[in-house]
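Report on the following structure.
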Amino acid sequence: AINLYSRAIDLSPDDADSHYQMALILVATDPARALPELMQVSSLDPDRETDIRMIRTELNRALLVDDPSYQFTRAGRALASLDEWHLAAEAFDHALTFNDTYAEAWAWLAEARQMTGTDGRPAMDKALVLDSLSPGIHGLDGLVWMQMGVPENARLSYEIAAELEPENAIWQVAVGDAASAAGDLQTALQYYYQAIDMAPTDPATWRALALFSLDHEIDVANTGLAAARELYQLAPDDWLTCRISGRAPFRWRHRSSRSAPRARRAGWPGCPCRC
């Protein structure tokens, strides 16, 4: 693939897409060589600047550590954040060629395999054997179980992560998500409230509660709207906030047959975004 994109770039040096694809391949196979190519993409296609900046930041941080397994794992995580899961899996495989006892690389490889349609369970089991005290690995284990359609097992994994990292509200949200997926809505609601109590200024906790209320149509008039309103105050420019801001009044109107103007009189700001 590198040779093909090299040829394409030779034929059309200003083709931003060819440079971008080349850069992504290099991130997965040779992170240091990817940096100049990423700079070239930034100059050719400003619309990709946000993604390029994120990848460059991750690679620069990774390259500060003289450990190829760590470098490739960070590179793979950057690719995963762009949903480039096949390339991410390749990066994690490279990490393990340098250190096959690196638990984090095994855990992320498991997730990458799940996302690309293969069985990630064996790789995840390997990660857990290598490091059973990492909350992040138990969190990824929960995610893999969720993707396998076994939320009961996911909940157990997230609960372990919460025990290992009790100050992190994201695990309370994760347990709530797993309980919700298993149909235990009352327990899920309790965990979302616990997350908010732990991190009342974190938009993620209010977002989780708002989505839960809206998705399940549970107390939309109070819980859903209040959570969406708080989320709007904390993260008004986030696209998910915009989406939830649009859904919340609609759900309320749908459930209660009240008008949108009445919702606004109650203090709801509506959706400020052009979404």
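Order determines the names: the first chain of the structure tokens is A, the second B, and so forth; residues in each chain are numbered 1 upward, and ligands are numbered 1 upward as they are shown.
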
**Report entry** Expected answer as an MDAnalysis selection string: alpha helix (DSSP H) residues in region 59-194 of chain A
**Finding:** chainID A and resid 59:63 68:81 85:98 103:115 121:130 135:147 151:164 169:181 185:194

Export C-alpha atoms of the chosen residues as a compact mmCIF listing (two decimals), in the first residue's frame?
# COMPACT_ATOMS: atom_id res chain seq x y z
CA LEU A 59 2.87 10.66 18.15
CA ASN A 60 5.05 13.37 19.63
CA ARG A 61 4.15 12.22 23.13
CA ALA A 62 4.75 8.60 22.20
CA LEU A 63 8.14 9.28 20.66
CA PRO A 68 8.61 0.91 20.52
CA SER A 69 5.78 -1.12 22.06
CA TYR A 70 4.50 2.00 23.83
CA GLN A 71 4.97 4.11 20.69
CA PHE A 72 2.95 1.75 18.50
CA THR A 73 0.23 1.40 21.12
CA ARG A 74 -0.21 5.18 21.32
CA ALA A 75 -0.20 5.34 17.53
CA GLY A 76 -2.86 2.64 17.37
CA ARG A 77 -5.03 4.47 19.88
CA ALA A 78 -4.80 7.62 17.74
CA LEU A 79 -5.93 5.62 14.70
CA ALA A 80 -8.73 4.03 16.73
CA SER A 81 -10.03 7.48 17.67
CA TRP A 85 -9.59 0.11 13.19
CA HIS A 86 -7.79 -2.07 10.64
CA LEU A 87 -4.75 0.19 10.77
CA ALA A 88 -5.06 0.42 14.54
CA ALA A 89 -4.95 -3.38 14.77
CA GLU A 90 -1.80 -3.35 12.66
CA ALA A 91 -0.19 -0.85 15.03
CA PHE A 92 -1.09 -2.95 18.07
CA ASP A 93 0.34 -6.03 16.35
CA HIS A 94 3.58 -4.11 15.79
CA ALA A 95 3.62 -3.15 19.47
CA LEU A 96 3.41 -6.79 20.47
CA THR A 97 6.28 -7.80 18.18
CA PHE A 98 8.49 -5.62 20.37
CA ALA A 103 -1.00 -5.93 28.48
CA GLU A 104 -2.35 -2.63 27.18
CA ALA A 105 -1.45 -3.53 23.61
CA TRP A 106 -3.25 -6.87 23.95
CA ALA A 107 -6.34 -5.13 25.35
CA TRP A 108 -6.48 -2.60 22.54
CA LEU A 109 -5.84 -5.34 19.98
CA ALA A 110 -8.87 -7.14 21.39
CA GLU A 111 -11.02 -4.06 20.86
CA ALA A 112 -9.62 -3.55 17.36
CA ARG A 113 -10.42 -7.13 16.47
CA GLN A 114 -13.98 -6.76 17.72
CA MET A 115 -14.38 -3.59 15.68
CA ARG A 121 -11.89 -12.39 23.39
CA PRO A 122 -8.60 -14.37 23.27
CA ALA A 123 -6.51 -11.19 23.11
CA MET A 124 -8.49 -9.65 25.97
CA ASP A 125 -8.07 -12.76 28.12
CA LYS A 126 -4.33 -12.51 27.49
CA ALA A 127 -4.34 -8.86 28.60
CA LEU A 128 -6.18 -9.70 31.82
CA VAL A 129 -3.69 -12.46 32.65
CA LEU A 130 -0.80 -10.06 32.13
CA PRO A 135 -8.74 -0.26 35.46
CA GLY A 136 -8.26 0.67 31.81
CA ILE A 137 -7.89 -2.95 30.77
CA HIS A 138 -10.98 -3.97 32.75
CA GLY A 139 -12.78 -1.06 31.09
CA LEU A 140 -11.82 -2.33 27.65
CA ASP A 141 -12.85 -5.81 28.75
CA GLY A 142 -16.28 -4.42 29.57
CA LEU A 143 -16.46 -2.74 26.19
CA VAL A 144 -15.64 -6.00 24.41
CA TRP A 145 -18.32 -7.82 26.41
CA MET A 146 -20.82 -5.09 25.47
CA GLN A 147 -19.95 -5.51 21.80
CA PRO A 151 -23.89 -6.74 29.23
CA GLU A 152 -24.03 -8.77 32.44
CA ASN A 153 -20.35 -9.66 32.05
CA ALA A 154 -19.57 -6.11 30.98
CA ARG A 155 -21.09 -4.82 34.19
CA LEU A 156 -18.81 -7.08 36.24
CA SER A 157 -15.76 -5.78 34.38
CA TYR A 158 -16.79 -2.16 34.84
CA GLU A 159 -17.44 -2.77 38.55
CA ILE A 160 -13.88 -4.08 38.90
CA ALA A 161 -12.58 -0.99 37.11
CA ALA A 162 -14.61 1.16 39.52
CA GLU A 163 -13.13 -0.65 42.51
CA LEU A 164 -9.61 -0.15 41.17
CA ALA A 169 -16.85 8.77 37.53
CA ILE A 170 -16.62 7.30 34.03
CA TRP A 171 -16.80 3.80 35.51
CA GLN A 172 -20.08 4.65 37.22
CA VAL A 173 -21.39 5.73 33.82
CA ALA A 174 -20.10 2.50 32.27
CA VAL A 175 -21.80 0.35 34.92
CA GLY A 176 -24.98 2.31 34.28
CA ASP A 177 -24.69 1.67 30.54
CA ALA A 178 -24.21 -2.06 31.13
CA ALA A 179 -27.14 -2.24 33.55
CA SER A 180 -29.28 -0.36 31.04
CA ALA A 181 -28.30 -2.74 28.25
CA LEU A 185 -33.11 0.47 34.26
CA GLN A 186 -33.59 1.38 37.91
CA THR A 187 -30.04 0.30 38.77
CA ALA A 188 -28.72 2.12 35.71
CA LEU A 189 -30.39 5.35 36.84
CA GLN A 190 -28.77 5.04 40.27
CA TYR A 191 -25.32 4.70 38.74
CA TYR A 192 -25.82 7.73 36.49
CA TYR A 193 -26.77 9.77 39.55
CA GLN A 194 -23.71 8.46 41.38

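Here CA of Glu230 (chain A) stands at a distance of 6.9 Å from CA of Trp206 (chain A).
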
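From CA of Ser134 (chain A) back to CA of Pro200 (chain A), the distance works out to 25.1 Å.
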
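CA of Asp131 (chain A) to CA of Ala204 (chain A) spans 27.3 Å [interatomic distance, one decimal].
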
Query - Non-local contacts of Gln233 (chain A) (10 Å; only C-alpha atoms; under 5 positions in same chain excluded) as an MDAnalysis selection string - result: chainID A and resid 201 203 227:228 241 269

Query raised in the report: Hey, what's within 12 Å of Ser43 (chain A) if we count only C-alpha atoms and toss same-chain stuff fewer than 4 positions away? As JSON, numbers by chain, please?
Result: {"A": [14, 15, 16, 19, 20, 36, 37, 38, 39, 47, 48, 49, 52, 53]}

Any chance you can output those residues with N, CA and C atoms as a PDB file, in the first residue's frame?
ATOM      1  N   ASP A  14       0.125  17.225  -5.120  1.00  0.00           N
ATOM      2  CA  ASP A  14      -0.775  18.038  -4.303  1.00  0.00           C
ATOM      3  C   ASP A  14      -2.076  17.327  -3.946  1.00  0.00           C
ATOM      4  N   ASP A  15      -2.115  16.027  -4.149  1.00  0.00           N
ATOM      5  CA  ASP A  15      -3.323  15.260  -3.826  1.00  0.00           C
ATOM      6  C   ASP A  15      -3.360  15.003  -2.320  1.00  0.00           C
ATOM      7  N   ALA A  16      -4.185  15.775  -1.630  1.00  0.00           N
ATOM      8  CA  ALA A  16      -4.235  15.695  -0.166  1.00  0.00           C
ATOM      9  C   ALA A  16      -4.682  14.320   0.311  1.00  0.00           C
ATOM     10  N   HIS A  19      -1.803  11.838   0.301  1.00  0.00           N
ATOM     11  CA  HIS A  19      -0.903  12.133   1.420  1.00  0.00           C
ATOM     12  C   HIS A  19      -1.523  11.686   2.754  1.00  0.00           C
ATOM     13  N   TYR A  20      -2.825  11.878   2.884  1.00  0.00           N
ATOM     14  CA  TYR A  20      -3.507  11.509   4.133  1.00  0.00           C
ATOM     15  C   TYR A  20      -3.473   9.998   4.339  1.00  0.00           C
ATOM     16  N   PRO A  36       6.322  14.000   9.094  1.00  0.00           N
ATOM     17  CA  PRO A  36       6.418  14.927   7.946  1.00  0.00           C
ATOM     18  C   PRO A  36       5.228  14.812   6.998  1.00  0.00           C
ATOM     19  N   GLU A  37       4.717  13.586   6.824  1.00  0.00           N
ATOM     20  CA  GLU A  37       3.577  13.393   5.934  1.00  0.00           C
ATOM     21  C   GLU A  37       2.330  14.055   6.505  1.00  0.00           C
ATOM     22  N   LEU A  38       2.186  14.000   7.810  1.00  0.00           N
ATOM     23  CA  LEU A  38       1.056  14.666   8.460  1.00  0.00           C
ATOM     24  C   LEU A  38       1.143  16.178   8.300  1.00  0.00           C
ATOM     25  N   MET A  39       2.337  16.716   8.383  1.00  0.00           N
ATOM     26  CA  MET A  39       2.522  18.158   8.160  1.00  0.00           C
ATOM     27  C   MET A  39       2.111  18.534   6.741  1.00  0.00           C
ATOM     28  N   ASP A  47      -9.091  21.421   6.250  1.00  0.00           N
ATOM     29  CA  ASP A  47     -10.274  20.825   6.865  1.00  0.00           C
ATOM     30  C   ASP A  47      -9.935  19.631   7.738  1.00  0.00           C
ATOM     31  N   ARG A  48      -8.775  19.048   7.505  1.00  0.00           N
ATOM     32  CA  ARG A  48      -8.360  17.892   8.312  1.00  0.00           C
ATOM     33  C   ARG A  48      -7.452  18.298   9.472  1.00  0.00           C
ATOM     34  N   GLU A  49      -7.310  19.570   9.705  1.00  0.00           N
ATOM     35  CA  GLU A  49      -6.336  20.049  10.682  1.00  0.00           C
ATOM     36  C   GLU A  49      -6.600  19.504  12.085  1.00  0.00           C
ATOM     37  N   ILE A  52      -5.433  15.907  12.224  1.00  0.00           N
ATOM     38  CA  ILE A  52      -3.984  15.852  12.062  1.00  0.00           C
ATOM     39  C   ILE A  52      -3.292  16.328  13.330  1.00  0.00           C
ATOM     40  N   ARG A  53      -3.808  17.382  13.936  1.00  0.00           N
ATOM     41  CA  ARG A  53      -3.203  17.892  15.170  1.00  0.00           C
ATOM     42  C   ARG A  53      -3.272  16.847  16.270  1.00  0.00           C
TER      43      ARG A  53
END
